[in-house]
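Comments concern the structure below.
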Amino acid sequence: MDMLIIVLVLFDLVACNMYTEETFVKTNSKSCGPIRLASGWTDVSVLSCVMNCFNRYVTGCRSFMFNDLTNLCTPGGRLSPFSSEPTPLEGDVYLLMSDDVYDGFHLDYSYTPVNVAYYPMNVNFTQAADVCLCLQANLYVVENEDKFKTLVSLVGETMQDTWIEGRMSTYSRTSGGYIFGDELKLNYYYYEERDTTEMCKILNWESQSLTYVNCEETFHFVCEKPV
């Protein structure tokens, strides 16, 4: 996809000077979507779309969708995993270049500074990781005791098992045995079978510990951005 950047310059009509400049970037939005502010309208161009979005919703306009074929303009707020991906009818997503466009994130200073978002929605490990990537983040990493305490504090809202970053493979193996041949002679054979299972890390709320479970199970999850 070609990158398209729209720079919107807003003026103070009373003072007749520029007071702010906003930049929107055309972006991919999979596994999350803009919070729709309205059902949309037919506009004349993508530039007119973003200007009308700002005129109608001011700071609430953090994204918009525009269909180049139908000129459908749909105003949007922050990106959220609770909002669906843009439909073909809605067209492309344009996102404000700002740290304040990803729903749910906040700075937590309880133990060590972290920029996190806790999402109480049940998804498997891969889906959780994809959502975090869509929000320009990664699954939460527990690398010290302070970050573990922060995680427990976040999950305390719902007291549910929660995905964090961590994946491993486990193997089950069977080998060695005996069979009888046609002449009732004991023959030795060697047989090995590996069953690989992907295991992913969660905070187990009941035990208050980190453990590995099957990656296809569904839990809540925590995303993290650099501070």
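Convention: chains lettered A, B, ... in structure tokens order; per-chain residue numbering from 1; ligands numbered from 1 as shown.
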Report the closest atom pair, with its distance in Å rounded to one decimal, for each residue of range 115-140 of chain A that has an atom no farther than 9 Å from range 60-84 of chain A; count only C-alpha atoms, sort by chain and then rising residue number, and write it as CSV.
```
residue,atom,partner,partner_atom,distance
A:Tyr119,CA,A:Pro81,CA,8.1
A:Met121,CA,A:Phe82,CA,8.3
A:Val131,CA,A:Pro81,CA,6.3
A:Cys132,CA,A:Pro81,CA,8.6
A:Cys134,CA,A:Leu79,CA,8.5
A:Leu135,CA,A:Leu79,CA,7.0
```
Excluding same-chain residues fewer than 4 positions from Thr218 in chain A, what lies within 9 Å of it counting only C-alpha atoms, as an mmCIF file with N, CA, C and O atoms, in the first residue's frame?
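Output file result09.cif is given in full below:
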```
data_model
loop_
_atom_site.group_PDB
_atom_site.id
_atom_site.type_symbol
_atom_site.label_atom_id
_atom_site.label_comp_id
_atom_site.auth_asym_id
_atom_site.auth_seq_id
_atom_site.Cartn_x
_atom_site.Cartn_y
_atom_site.Cartn_z
ATOM 1 N N MET A 121 -11.276 -8.937 26.939
ATOM 2 C CA MET A 121 -11.971 -9.641 25.868
ATOM 3 C C MET A 121 -11.277 -10.979 25.654
ATOM 4 O O MET A 121 -10.052 -11.070 25.724
ATOM 5 N N ASN A 122 -12.047 -12.030 25.445
ATOM 6 C CA ASN A 122 -11.503 -13.387 25.354
ATOM 7 C C ASN A 122 -11.077 -13.716 23.926
ATOM 8 O O ASN A 122 -11.917 -13.819 23.033
ATOM 9 N N VAL A 123 -9.770 -13.871 23.731
ATOM 10 C CA VAL A 123 -9.196 -14.227 22.433
ATOM 11 C C VAL A 123 -8.058 -15.221 22.670
ATOM 12 O O VAL A 123 -7.574 -15.369 23.790
ATOM 13 N N ASN A 124 -7.629 -15.915 21.604
ATOM 14 C CA ASN A 124 -6.482 -16.797 21.770
ATOM 15 C C ASN A 124 -5.190 -15.982 21.713
ATOM 16 O O ASN A 124 -5.218 -14.769 21.481
ATOM 17 N N PHE A 125 -4.064 -16.654 21.892
ATOM 18 C CA PHE A 125 -2.791 -15.948 22.002
ATOM 19 C C PHE A 125 -2.453 -15.180 20.721
ATOM 20 O O PHE A 125 -2.045 -14.018 20.761
ATOM 21 N N THR A 162 -4.883 -14.106 32.117
ATOM 22 C CA THR A 162 -4.583 -13.075 31.126
ATOM 23 C C THR A 162 -3.320 -13.410 30.339
ATOM 24 O O THR A 162 -2.295 -13.761 30.920
ATOM 25 N N TRP A 163 -3.410 -13.281 29.018
ATOM 26 C CA TRP A 163 -2.246 -13.492 28.152
ATOM 27 C C TRP A 163 -1.206 -12.399 28.352
ATOM 28 O O TRP A 163 -1.534 -11.221 28.456
#
```
Select from range 61-185 of chain A everything DSSP, run on the backbone, classes as strand (DSSP E or B), then give the selection as number ranges by chain.
A: 63-66, 72-80, 92-96, 102, 106-108, 114-123, 138-139, 162-174, 177-180
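Restricting the calculation to only C-alpha atoms, the smallest distance between Thr126 in chain A and any of A:Ile164, A:Leu154, A:Leu203, A:Met159 is found for A:Ile164.
Closest to Asn144 in chain A among A:Pro34, A:Glu157, A:Phe105, A:Thr112 is A:Thr112, based on only C-alpha atoms.
If you measure from each of A:Gly166, A:Gly104, A:Gly156, A:Gly40 to Lys225 in chain A using only C-alpha atoms, the closest one turns out to be A:Gly104.
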Point out the residue among A:Pro88, A:Tyr109, A:Met97, A:Glu165 with the least atom-to-atom distance to Glu143 in chain A, counting only C-alpha atoms.
A:Glu165
Backbone-only DSSP, helix (DSSP H, G or I) members of range 44-214 of chain A, as an MDAnalysis selection string
chainID A and resid 46:60 125:134 145:155
Once you have the residues from the selection above, write them out as a tab-separated table (two decimals), in the first residue's frame, restricted to N, CA, C and O atoms.
```tsv
chain	number	residue	atom	x	y	z
A	46	VAL	N	-11.00	13.37	-0.11
A	46	VAL	CA	-10.44	12.91	1.15
A	46	VAL	C	-10.04	14.10	2.02
A	46	VAL	O	-10.18	14.06	3.25
A	47	LEU	N	-9.57	15.18	1.41
A	47	LEU	CA	-9.20	16.37	2.18
A	47	LEU	C	-10.43	17.02	2.80
A	47	LEU	O	-10.42	17.42	3.97
A	48	SER	N	-11.51	17.09	2.02
A	48	SER	CA	-12.75	17.64	2.55
A	48	SER	C	-13.29	16.77	3.68
A	48	SER	O	-13.84	17.27	4.66
A	49	CYS	N	-13.09	15.46	3.55
A	49	CYS	CA	-13.54	14.51	4.58
A	49	CYS	C	-12.88	14.80	5.92
A	49	CYS	O	-13.55	14.90	6.95
A	50	VAL	N	-11.55	14.94	5.92
A	50	VAL	CA	-10.85	15.17	7.18
A	50	VAL	C	-11.18	16.55	7.74
A	50	VAL	O	-11.30	16.72	8.97
A	51	MET	N	-11.37	17.53	6.88
A	51	MET	CA	-11.72	18.86	7.37
A	51	MET	C	-13.10	18.85	8.03
A	51	MET	O	-13.30	19.45	9.10
A	52	ASN	N	-14.05	18.15	7.42
A	52	ASN	CA	-15.38	18.06	8.02
A	52	ASN	C	-15.37	17.25	9.30
A	52	ASN	O	-16.14	17.54	10.24
A	53	CYS	N	-14.51	16.25	9.35
A	53	CYS	CA	-14.37	15.46	10.58
A	53	CYS	C	-13.93	16.36	11.73
A	53	CYS	O	-14.49	16.31	12.83
A	54	PHE	N	-12.93	17.20	11.47
A	54	PHE	CA	-12.44	18.12	12.50
A	54	PHE	C	-13.47	19.20	12.84
A	54	PHE	O	-13.65	19.57	13.99
A	55	ASN	N	-14.15	19.70	11.83
A	55	ASN	CA	-15.14	20.74	12.08
A	55	ASN	C	-16.29	20.24	12.94
A	55	ASN	O	-16.83	20.97	13.78
A	56	ARG	N	-16.65	18.97	12.76
A	56	ARG	CA	-17.79	18.42	13.49
A	56	ARG	C	-17.42	17.85	14.85
A	56	ARG	O	-18.21	17.89	15.79
A	57	TYR	N	-16.21	17.28	14.94
A	57	TYR	CA	-15.87	16.56	16.17
A	57	TYR	C	-14.63	17.08	16.87
A	57	TYR	O	-14.23	16.58	17.92
A	58	VAL	N	-13.96	18.07	16.30
A	58	VAL	CA	-12.81	18.75	16.89
A	58	VAL	C	-11.79	17.71	17.36
A	58	VAL	O	-11.33	16.89	16.57
A	59	THR	N	-11.43	17.71	18.65
A	59	THR	CA	-10.39	16.80	19.14
A	59	THR	C	-10.83	15.34	19.14
A	59	THR	O	-9.99	14.45	19.29
A	60	GLY	N	-12.13	15.10	19.01
A	60	GLY	CA	-12.59	13.71	18.97
A	60	GLY	C	-12.23	13.02	17.67
A	60	GLY	O	-12.24	11.80	17.58
A	125	PHE	N	-4.06	-16.65	21.89
A	125	PHE	CA	-2.79	-15.95	22.00
A	125	PHE	C	-2.45	-15.18	20.72
A	125	PHE	O	-2.05	-14.02	20.76
A	126	THR	N	-2.63	-15.83	19.57
A	126	THR	CA	-2.30	-15.19	18.29
A	126	THR	C	-3.18	-13.97	18.06
A	126	THR	O	-2.70	-12.92	17.60
A	127	GLN	N	-4.46	-14.08	18.37
A	127	GLN	CA	-5.36	-12.94	18.21
A	127	GLN	C	-4.96	-11.79	19.12
A	127	GLN	O	-4.99	-10.63	18.71
A	128	ALA	N	-4.56	-12.11	20.35
A	128	ALA	CA	-4.12	-11.09	21.29
A	128	ALA	C	-2.89	-10.36	20.76
A	128	ALA	O	-2.81	-9.13	20.79
A	129	ALA	N	-1.93	-11.13	20.26
A	129	ALA	CA	-0.71	-10.53	19.72
A	129	ALA	C	-1.02	-9.67	18.50
A	129	ALA	O	-0.43	-8.59	18.32
A	130	ASP	N	-1.96	-10.10	17.65
A	130	ASP	CA	-2.33	-9.33	16.45
A	130	ASP	C	-2.99	-8.00	16.84
A	130	ASP	O	-2.75	-6.98	16.19
A	131	VAL	N	-3.82	-8.04	17.86
A	131	VAL	CA	-4.46	-6.80	18.31
A	131	VAL	C	-3.41	-5.81	18.79
A	131	VAL	O	-3.43	-4.63	18.44
A	132	CYS	N	-2.47	-6.30	19.58
A	132	CYS	CA	-1.41	-5.41	20.08
A	132	CYS	C	-0.63	-4.79	18.92
A	132	CYS	O	-0.32	-3.59	18.95
A	133	LEU	N	-0.32	-5.58	17.91
A	133	LEU	CA	0.40	-5.06	16.74
A	133	LEU	C	-0.42	-4.00	16.02
A	133	LEU	O	0.13	-3.00	15.55
A	134	CYS	N	-1.73	-4.22	15.90
A	134	CYS	CA	-2.59	-3.25	15.26
A	134	CYS	C	-2.57	-1.93	16.01
A	134	CYS	O	-2.69	-0.86	15.41
A	145	GLU	N	10.18	-8.13	39.05
A	145	GLU	CA	9.12	-8.22	40.05
A	145	GLU	C	8.17	-7.02	39.99
A	145	GLU	O	6.96	-7.18	40.17
A	146	ASP	N	8.70	-5.84	39.70
A	146	ASP	CA	7.85	-4.66	39.62
A	146	ASP	C	6.82	-4.80	38.50
A	146	ASP	O	5.64	-4.44	38.67
A	147	LYS	N	7.25	-5.32	37.35
A	147	LYS	CA	6.31	-5.47	36.25
A	147	LYS	C	5.29	-6.57	36.54
A	147	LYS	O	4.15	-6.49	36.08
A	148	PHE	N	5.69	-7.56	37.32
A	148	PHE	CA	4.73	-8.58	37.73
A	148	PHE	C	3.67	-7.96	38.64
A	148	PHE	O	2.46	-8.22	38.50
A	149	LYS	N	4.09	-7.13	39.57
A	149	LYS	CA	3.14	-6.48	40.48
A	149	LYS	C	2.18	-5.57	39.70
A	149	LYS	O	0.98	-5.50	40.02
A	150	THR	N	2.71	-4.86	38.71
A	150	THR	CA	1.86	-4.01	37.88
A	150	THR	C	0.82	-4.85	37.15
A	150	THR	O	-0.36	-4.47	37.07
A	151	LEU	N	1.24	-5.99	36.61
A	151	LEU	CA	0.33	-6.89	35.91
A	151	LEU	C	-0.79	-7.35	36.83
A	151	LEU	O	-1.97	-7.33	36.47
A	152	VAL	N	-0.44	-7.78	38.01
A	152	VAL	CA	-1.45	-8.25	38.98
A	152	VAL	C	-2.43	-7.14	39.30
A	152	VAL	O	-3.64	-7.35	39.40
A	153	SER	N	-1.91	-5.92	39.42
A	153	SER	CA	-2.78	-4.78	39.71
A	153	SER	C	-3.76	-4.53	38.56
A	153	SER	O	-4.95	-4.26	38.79
A	154	LEU	N	-3.28	-4.63	37.32
A	154	LEU	CA	-4.15	-4.41	36.16
A	154	LEU	C	-5.24	-5.47	36.07
A	154	LEU	O	-6.41	-5.17	35.86
A	155	VAL	N	-4.84	-6.72	36.24
A	155	VAL	CA	-5.77	-7.83	36.09
A	155	VAL	C	-6.75	-7.89	37.26
A	155	VAL	O	-7.82	-8.50	37.16
```
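For the residues A:Lys26, A:Val44, A:Cys32, A:Pro113, ranking by smallest atom-to-atom distance to Gly91 in chain A using only C-alpha atoms places A:Lys26 first.
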Coordinates-based distance that separates CA of Pro120 in chain A from CA of Tyr212 in chain A (Å, one decimal):
19.4 Å
Of the candidates A:Thr42, A:Val93, A:Gln160, A:Pro226, which shows the shortest atom-to-atom distance to Asp108 in chain A, using only C-alpha atoms?
A:Pro226
